[in-house]
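Listing of upload.cif; format and content: mmCIF, N, CA, C and O atoms.
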data_structure
loop_
_atom_site.label_atom_id
_atom_site.label_comp_id
_atom_site.auth_asym_id
_atom_site.auth_seq_id
_atom_site.Cartn_x
_atom_site.Cartn_y
_atom_site.Cartn_z
N MET A 1 127.82 -26.65 -48.69
CA MET A 1 128.39 -25.59 -47.89
C MET A 1 128.29 -25.89 -46.39
O MET A 1 129.10 -25.43 -45.64
N THR A 2 127.31 -26.65 -45.97
CA THR A 2 127.15 -26.89 -44.54
C THR A 2 128.23 -27.80 -43.99
O THR A 2 128.46 -27.80 -42.79
N SER A 3 128.92 -28.57 -44.83
CA SER A 3 129.98 -29.43 -44.32
C SER A 3 131.19 -28.63 -43.84
O SER A 3 131.97 -29.11 -43.05
N LEU A 4 131.31 -27.40 -44.29
CA LEU A 4 132.41 -26.56 -43.84
C LEU A 4 132.04 -25.74 -42.60
O LEU A 4 132.84 -24.99 -42.09
N GLY A 5 130.80 -25.86 -42.16
CA GLY A 5 130.38 -25.14 -40.97
C GLY A 5 129.98 -23.70 -41.23
O GLY A 5 129.94 -22.90 -40.32
N MET A 6 129.70 -23.38 -42.47
CA MET A 6 129.37 -22.00 -42.79
C MET A 6 127.88 -21.69 -42.64
O MET A 6 127.52 -20.55 -42.45
N GLY A 7 127.04 -22.67 -42.76
CA GLY A 7 125.60 -22.41 -42.69
C GLY A 7 125.09 -21.94 -44.03
O GLY A 7 124.73 -22.72 -44.88
N SER A 8 125.07 -20.64 -44.25
CA SER A 8 124.65 -20.09 -45.53
C SER A 8 125.88 -19.60 -46.28
O SER A 8 126.91 -19.32 -45.69
N PRO A 9 125.79 -19.50 -47.62
CA PRO A 9 126.97 -19.11 -48.40
C PRO A 9 127.55 -17.75 -48.02
O PRO A 9 128.75 -17.57 -48.01
N GLY A 10 126.75 -16.78 -47.66
CA GLY A 10 127.26 -15.46 -47.32
C GLY A 10 127.28 -15.19 -45.84
O GLY A 10 127.61 -14.09 -45.41
N GLY A 11 126.96 -16.14 -45.03
CA GLY A 11 126.87 -15.93 -43.60
C GLY A 11 128.20 -15.69 -42.90
O GLY A 11 128.26 -15.06 -41.86
N GLN A 12 129.27 -16.18 -43.44
CA GLN A 12 130.57 -16.08 -42.79
C GLN A 12 131.14 -14.67 -42.88
O GLN A 12 131.96 -14.28 -42.07
N VAL A 13 130.73 -13.89 -43.84
CA VAL A 13 131.29 -12.56 -44.03
C VAL A 13 130.89 -11.63 -42.88
O VAL A 13 131.62 -10.72 -42.53
N TYR A 14 129.77 -11.87 -42.25
CA TYR A 14 129.26 -10.97 -41.23
C TYR A 14 129.74 -11.28 -39.83
O TYR A 14 129.42 -10.58 -38.91
N SER A 15 130.53 -12.32 -39.65
CA SER A 15 131.09 -12.59 -38.33
C SER A 15 132.42 -11.85 -38.20
O SER A 15 133.03 -11.45 -39.19
N LEU A 16 132.87 -11.68 -36.99
CA LEU A 16 134.11 -10.94 -36.76
C LEU A 16 135.31 -11.64 -37.38
O LEU A 16 136.14 -11.00 -38.02
N ASP A 17 135.40 -12.94 -37.23
CA ASP A 17 136.54 -13.65 -37.81
C ASP A 17 136.47 -13.65 -39.33
O ASP A 17 137.49 -13.61 -40.00
N GLY A 18 135.27 -13.65 -39.90
CA GLY A 18 135.14 -13.54 -41.34
C GLY A 18 135.61 -12.19 -41.86
O GLY A 18 136.26 -12.10 -42.90
N LEU A 19 135.29 -11.14 -41.12
CA LEU A 19 135.76 -9.80 -41.50
C LEU A 19 137.27 -9.69 -41.36
O LEU A 19 137.93 -9.04 -42.18
N LEU A 20 137.84 -10.30 -40.34
CA LEU A 20 139.30 -10.29 -40.19
C LEU A 20 139.99 -11.04 -41.32
O LEU A 20 141.01 -10.59 -41.84
N VAL A 21 139.42 -12.18 -41.71
CA VAL A 21 139.98 -12.94 -42.82
C VAL A 21 139.90 -12.11 -44.11
O VAL A 21 140.86 -12.03 -44.87
N PHE A 22 138.76 -11.48 -44.34
CA PHE A 22 138.59 -10.65 -45.53
C PHE A 22 139.59 -9.50 -45.53
O PHE A 22 140.22 -9.21 -46.55
N GLY A 23 139.76 -8.85 -44.40
CA GLY A 23 140.71 -7.73 -44.31
C GLY A 23 142.13 -8.18 -44.57
O GLY A 23 142.88 -7.50 -45.29
N LEU A 24 142.53 -9.28 -43.98
CA LEU A 24 143.89 -9.79 -44.21
C LEU A 24 144.12 -10.17 -45.66
O LEU A 24 145.16 -9.86 -46.23
N LEU A 25 143.14 -10.85 -46.26
CA LEU A 25 143.28 -11.22 -47.67
C LEU A 25 143.31 -10.00 -48.57
O LEU A 25 144.04 -9.96 -49.57
N PHE A 26 142.54 -8.97 -48.23
CA PHE A 26 142.52 -7.74 -49.01
C PHE A 26 143.87 -7.04 -48.95
O PHE A 26 144.41 -6.61 -49.97
N VAL A 27 144.43 -6.94 -47.75
CA VAL A 27 145.74 -6.29 -47.58
C VAL A 27 146.82 -7.09 -48.30
O VAL A 27 147.68 -6.51 -48.99
N CYS A 28 146.80 -8.40 -48.17
CA CYS A 28 147.82 -9.23 -48.83
C CYS A 28 147.71 -9.14 -50.35
O CYS A 28 148.72 -9.07 -51.05
N THR A 29 146.49 -9.13 -50.87
CA THR A 29 146.29 -9.04 -52.30
C THR A 29 146.76 -7.70 -52.84
O THR A 29 147.43 -7.62 -53.88
N CYS A 30 146.42 -6.61 -52.15
CA CYS A 30 146.85 -5.29 -52.60
C CYS A 30 148.37 -5.14 -52.54
O CYS A 30 148.97 -4.52 -53.41
N ALA A 31 148.99 -5.72 -51.51
CA ALA A 31 150.45 -5.66 -51.41
C ALA A 31 151.10 -6.44 -52.55
O ALA A 31 152.12 -6.03 -53.09
N TYR A 32 150.50 -7.57 -52.92
CA TYR A 32 151.02 -8.35 -54.05
C TYR A 32 150.84 -7.57 -55.35
O TYR A 32 151.75 -7.53 -56.19
N LEU A 33 149.68 -6.95 -55.55
CA LEU A 33 149.43 -6.20 -56.77
C LEU A 33 150.36 -5.00 -56.90
O LEU A 33 150.64 -4.55 -58.01
N ARG A 34 150.85 -4.51 -55.79
CA ARG A 34 151.78 -3.39 -55.83
C ARG A 34 153.13 -3.79 -56.43
O ARG A 34 153.86 -2.96 -56.98
N LYS A 35 153.45 -5.07 -56.38
CA LYS A 35 154.72 -5.55 -56.93
C LYS A 35 154.64 -5.79 -58.44
O LYS A 35 155.67 -5.94 -59.09
N VAL A 36 153.44 -5.84 -59.02
CA VAL A 36 153.26 -6.06 -60.45
C VAL A 36 153.18 -4.69 -61.12
O VAL A 36 152.26 -3.93 -60.86
N PRO A 37 154.14 -4.36 -62.00
CA PRO A 37 154.22 -2.98 -62.53
C PRO A 37 152.96 -2.51 -63.27
O PRO A 37 152.50 -1.39 -63.05
N ARG A 38 152.40 -3.31 -64.14
CA ARG A 38 151.21 -2.87 -64.89
C ARG A 38 150.01 -2.68 -63.97
O ARG A 38 149.24 -1.73 -64.15
N LEU A 39 149.83 -3.57 -63.03
CA LEU A 39 148.70 -3.44 -62.11
C LEU A 39 148.89 -2.30 -61.14
O LEU A 39 147.93 -1.66 -60.72
N LYS A 40 150.13 -2.03 -60.77
CA LYS A 40 150.41 -0.91 -59.88
C LYS A 40 150.02 0.41 -60.53
O LYS A 40 149.40 1.26 -59.91
N ALA A 41 150.37 0.57 -61.80
CA ALA A 41 150.04 1.79 -62.51
C ALA A 41 148.54 1.93 -62.73
O ALA A 41 147.99 3.02 -62.72
N TRP A 42 147.85 0.82 -62.90
CA TRP A 42 146.42 0.85 -63.21
C TRP A 42 145.56 0.94 -61.96
O TRP A 42 144.65 1.75 -61.88
N LEU A 43 145.86 0.13 -60.97
CA LEU A 43 144.98 0.00 -59.81
C LEU A 43 145.40 0.87 -58.64
O LEU A 43 144.56 1.39 -57.91
N LEU A 44 146.68 1.06 -58.45
CA LEU A 44 147.17 1.73 -57.25
C LEU A 44 147.69 3.14 -57.52
O LEU A 44 148.46 3.68 -56.74
N SER A 45 147.27 3.76 -58.61
CA SER A 45 147.76 5.10 -58.93
C SER A 45 147.03 6.18 -58.13
O SER A 45 147.61 7.21 -57.82
N GLU A 46 145.78 5.96 -57.79
CA GLU A 46 145.01 6.94 -57.03
C GLU A 46 145.30 6.80 -55.54
O GLU A 46 145.31 5.70 -55.01
N LYS A 47 145.52 7.94 -54.88
CA LYS A 47 145.81 7.91 -53.45
C LYS A 47 144.64 8.43 -52.62
O LYS A 47 144.68 8.38 -51.40
N ARG A 48 143.60 8.92 -53.29
CA ARG A 48 142.43 9.45 -52.59
C ARG A 48 141.17 8.81 -53.15
O ARG A 48 141.18 8.22 -54.22
N GLY A 49 140.09 8.96 -52.41
CA GLY A 49 138.81 8.46 -52.88
C GLY A 49 138.64 6.97 -52.66
O GLY A 49 139.35 6.34 -51.87
N VAL A 50 137.72 6.41 -53.41
CA VAL A 50 137.40 4.98 -53.27
C VAL A 50 138.59 4.12 -53.71
O VAL A 50 138.93 3.14 -53.05
N TRP A 51 139.24 4.49 -54.81
CA TRP A 51 140.38 3.72 -55.28
C TRP A 51 141.58 3.87 -54.36
O TRP A 51 142.51 3.06 -54.40
N GLY A 52 141.59 4.89 -53.52
CA GLY A 52 142.67 5.08 -52.56
C GLY A 52 142.73 4.01 -51.49
O GLY A 52 143.76 3.80 -50.86
N VAL A 53 141.61 3.31 -51.29
CA VAL A 53 141.58 2.22 -50.32
C VAL A 53 142.55 1.12 -50.74
O VAL A 53 143.25 0.54 -49.91
N PHE A 54 142.61 0.84 -52.05
CA PHE A 54 143.54 -0.17 -52.54
C PHE A 54 144.98 0.27 -52.30
O PHE A 54 145.82 -0.53 -51.89
N TYR A 55 145.26 1.53 -52.54
CA TYR A 55 146.61 2.06 -52.33
C TYR A 55 146.99 1.98 -50.85
O TYR A 55 148.10 1.56 -50.50
N LYS A 56 146.08 2.38 -49.97
CA LYS A 56 146.37 2.37 -48.54
C LYS A 56 146.56 0.96 -48.02
O LYS A 56 147.44 0.70 -47.18
N ALA A 57 145.77 0.02 -48.52
CA ALA A 57 145.94 -1.38 -48.12
C ALA A 57 147.28 -1.92 -48.61
O ALA A 57 147.94 -2.69 -47.90
N ALA A 58 147.70 -1.52 -49.80
CA ALA A 58 148.99 -1.96 -50.32
C ALA A 58 150.14 -1.40 -49.50
O ALA A 58 151.13 -2.08 -49.23
N VAL A 59 150.01 -0.15 -49.06
CA VAL A 59 151.05 0.46 -48.23
C VAL A 59 151.13 -0.25 -46.88
O VAL A 59 152.21 -0.55 -46.38
N ILE A 60 149.98 -0.55 -46.28
CA ILE A 60 149.96 -1.28 -45.02
C ILE A 60 150.60 -2.65 -45.19
O ILE A 60 151.40 -3.11 -44.36
N GLY A 61 150.27 -3.33 -46.28
CA GLY A 61 150.81 -4.66 -46.53
C GLY A 61 152.31 -4.69 -46.74
O GLY A 61 152.98 -5.63 -46.33
N THR A 62 152.85 -3.64 -47.38
CA THR A 62 154.29 -3.64 -47.63
C THR A 62 155.08 -3.13 -46.42
O THR A 62 156.16 -3.64 -46.14
N ARG A 63 154.57 -2.15 -45.72
CA ARG A 63 155.31 -1.62 -44.57
C ARG A 63 155.24 -2.54 -43.36
O ARG A 63 156.19 -2.63 -42.59
N LEU A 64 154.13 -3.20 -43.17
CA LEU A 64 153.96 -4.10 -42.02
C LEU A 64 153.93 -5.56 -42.47
O LEU A 64 153.15 -6.36 -41.97
N HIS A 65 154.79 -5.91 -43.41
CA HIS A 65 154.73 -7.24 -44.00
C HIS A 65 154.96 -8.35 -42.98
O HIS A 65 154.34 -9.40 -43.06
N ALA A 66 155.80 -8.14 -42.00
CA ALA A 66 156.04 -9.17 -40.99
C ALA A 66 154.81 -9.37 -40.10
O ALA A 66 154.39 -10.51 -39.84
N ALA A 67 154.20 -8.28 -39.68
CA ALA A 67 153.00 -8.38 -38.84
C ALA A 67 151.83 -8.97 -39.62
O ALA A 67 151.05 -9.77 -39.08
N VAL A 68 151.70 -8.61 -40.89
CA VAL A 68 150.62 -9.16 -41.72
C VAL A 68 150.84 -10.65 -41.94
O VAL A 68 149.89 -11.44 -41.88
N ALA A 69 152.07 -11.06 -42.16
CA ALA A 69 152.36 -12.48 -42.36
C ALA A 69 152.06 -13.30 -41.11
O ALA A 69 151.45 -14.37 -41.18
N VAL A 70 152.46 -12.79 -39.96
CA VAL A 70 152.17 -13.49 -38.70
C VAL A 70 150.66 -13.54 -38.46
O VAL A 70 150.12 -14.57 -38.04
N SER A 71 149.96 -12.47 -38.76
CA SER A 71 148.50 -12.45 -38.61
C SER A 71 147.83 -13.46 -39.52
O SER A 71 146.87 -14.12 -39.13
N CYS A 72 148.34 -13.59 -40.75
CA CYS A 72 147.77 -14.58 -41.67
C CYS A 72 147.98 -16.00 -41.17
O CYS A 72 147.07 -16.83 -41.25
N VAL A 73 149.16 -16.27 -40.64
CA VAL A 73 149.43 -17.62 -40.11
C VAL A 73 148.55 -17.90 -38.90
O VAL A 73 147.97 -18.99 -38.77
N LEU A 74 148.42 -16.94 -38.00
CA LEU A 74 147.57 -17.14 -36.83
C LEU A 74 146.10 -17.30 -37.21
O LEU A 74 145.39 -18.13 -36.64
N MET A 75 145.65 -16.52 -38.19
CA MET A 75 144.25 -16.64 -38.62
C MET A 75 144.01 -17.98 -39.31
O MET A 75 142.96 -18.59 -39.14
N ALA A 76 144.99 -18.45 -40.09
CA ALA A 76 144.85 -19.76 -40.72
C ALA A 76 144.77 -20.86 -39.67
O ALA A 76 143.95 -21.78 -39.78
N PHE A 77 145.61 -20.78 -38.64
CA PHE A 77 145.55 -21.75 -37.55
C PHE A 77 144.19 -21.70 -36.86
O PHE A 77 143.60 -22.74 -36.57
N TYR A 78 143.69 -20.51 -36.62
CA TYR A 78 142.39 -20.37 -35.95
C TYR A 78 141.26 -20.96 -36.80
O TYR A 78 140.43 -21.70 -36.29
N VAL A 79 141.26 -20.64 -38.08
CA VAL A 79 140.18 -21.10 -38.95
C VAL A 79 140.24 -22.62 -39.16
O VAL A 79 139.22 -23.30 -39.15
N LEU A 80 141.45 -23.17 -39.33
CA LEU A 80 141.58 -24.58 -39.62
C LEU A 80 141.52 -25.48 -38.41
O LEU A 80 141.03 -26.61 -38.47
N VAL A 81 142.03 -25.02 -37.27
CA VAL A 81 142.17 -25.91 -36.11
C VAL A 81 141.16 -25.56 -35.02
O VAL A 81 140.44 -26.43 -34.53
N VAL A 82 141.10 -24.32 -34.63
CA VAL A 82 140.29 -23.94 -33.48
C VAL A 82 138.81 -23.92 -33.80
O VAL A 82 137.99 -24.45 -33.08
N LYS A 83 138.47 -23.32 -34.91
CA LYS A 83 137.06 -23.14 -35.26
C LYS A 83 136.40 -24.41 -35.74
O LYS A 83 136.75 -25.26 -36.33
#
Full structure transcribed into structure tokens:
Amino acid sequence: MTSLGMGSPGGQVYSLDGLLVFGLLFVCTCAYLRKVPRLKAWLLSEKRGVWGVFYKAAVIGTRLHAAVAVSCVLMAFYVLVVK
């Protein structure tokens, strides 16, 4: 794990860029799951509570798909080249 510059296996999650990567991947995954009919009915049916977070992330991912895509490309460039 140290060859990737992470230090400890869970250490990257607590940095700001790690949280941004996690958030972007979460939004992209929920938006993708919204396009799959069986998973949409199972995972994204609740609009409130803890399961509502998945629904809200899917809505953000589908409505702001261009901004999310640009953010993913910029974050990939940052993680692969800058960092």
Problem - the PyMOL selection byres (((chain A and resi 26 and name CA) around 12) and name CA) applied to the shown file, residues as a list in words - result: Leu19, Leu20, Val21, Phe22, Gly23, Leu24, Leu25, Val27, Cys28, Thr29, Cys30, Ala31, Tyr32, Leu33, Val53, Phe54, Tyr55, Lys56, Ala57, Ala58, Val59, Ile60, Gly61, Val68 and Cys72 of chain A
Handout entry: In chain A, DSSP alpha helix (DSSP H) residues written as number ranges by chain
Key = A: 16-35, 37-43, 52-63, 65-77
What are the centre and the three edge lengths of an axis-aligned box that wraps all atoms of region 62-65 of chain A in the file, given that 5 Å is added to every side, written as lines of an AutoDock Vina configuration file and rounded to one decimal in Å?
center_x = 154.5
center_y = -5.5
center_z = -44.8
size_x = 13.3
size_y = 17.8
size_z = 15.7
Practice task
Quick one: pull the distance between atom C of Val79 (chain A) and CA of His65 (chain A), Å, one decimal.
Solution key: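 CA of His65 (chain A) lies 21.7 Å from atom C of Val79 (chain A).
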Practice task
May I ask for the distance between atom C of Gly52 (chain A) and atom N of Phe77 (chain A), given in Å to one decimal place?
Solution key: 28.1 Å
Practice task
Using all atoms listed in the file, find all polymer residues with an atom at most 7 Å away from the point (150.4, 1.9, -56.2); report them as an NGL selection string.
Solution key: :A and (33-34 or 39-41 or 43-46 or 54-55)
Practice task
Could you tell me how far atom C of Ala67 (chain A) lies from atom O of Tyr14 (chain A), in Å and to one decimal?
Solution key: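 Atom C of Ala67 (chain A) sits 22.5 Å away from atom O of Tyr14 (chain A).
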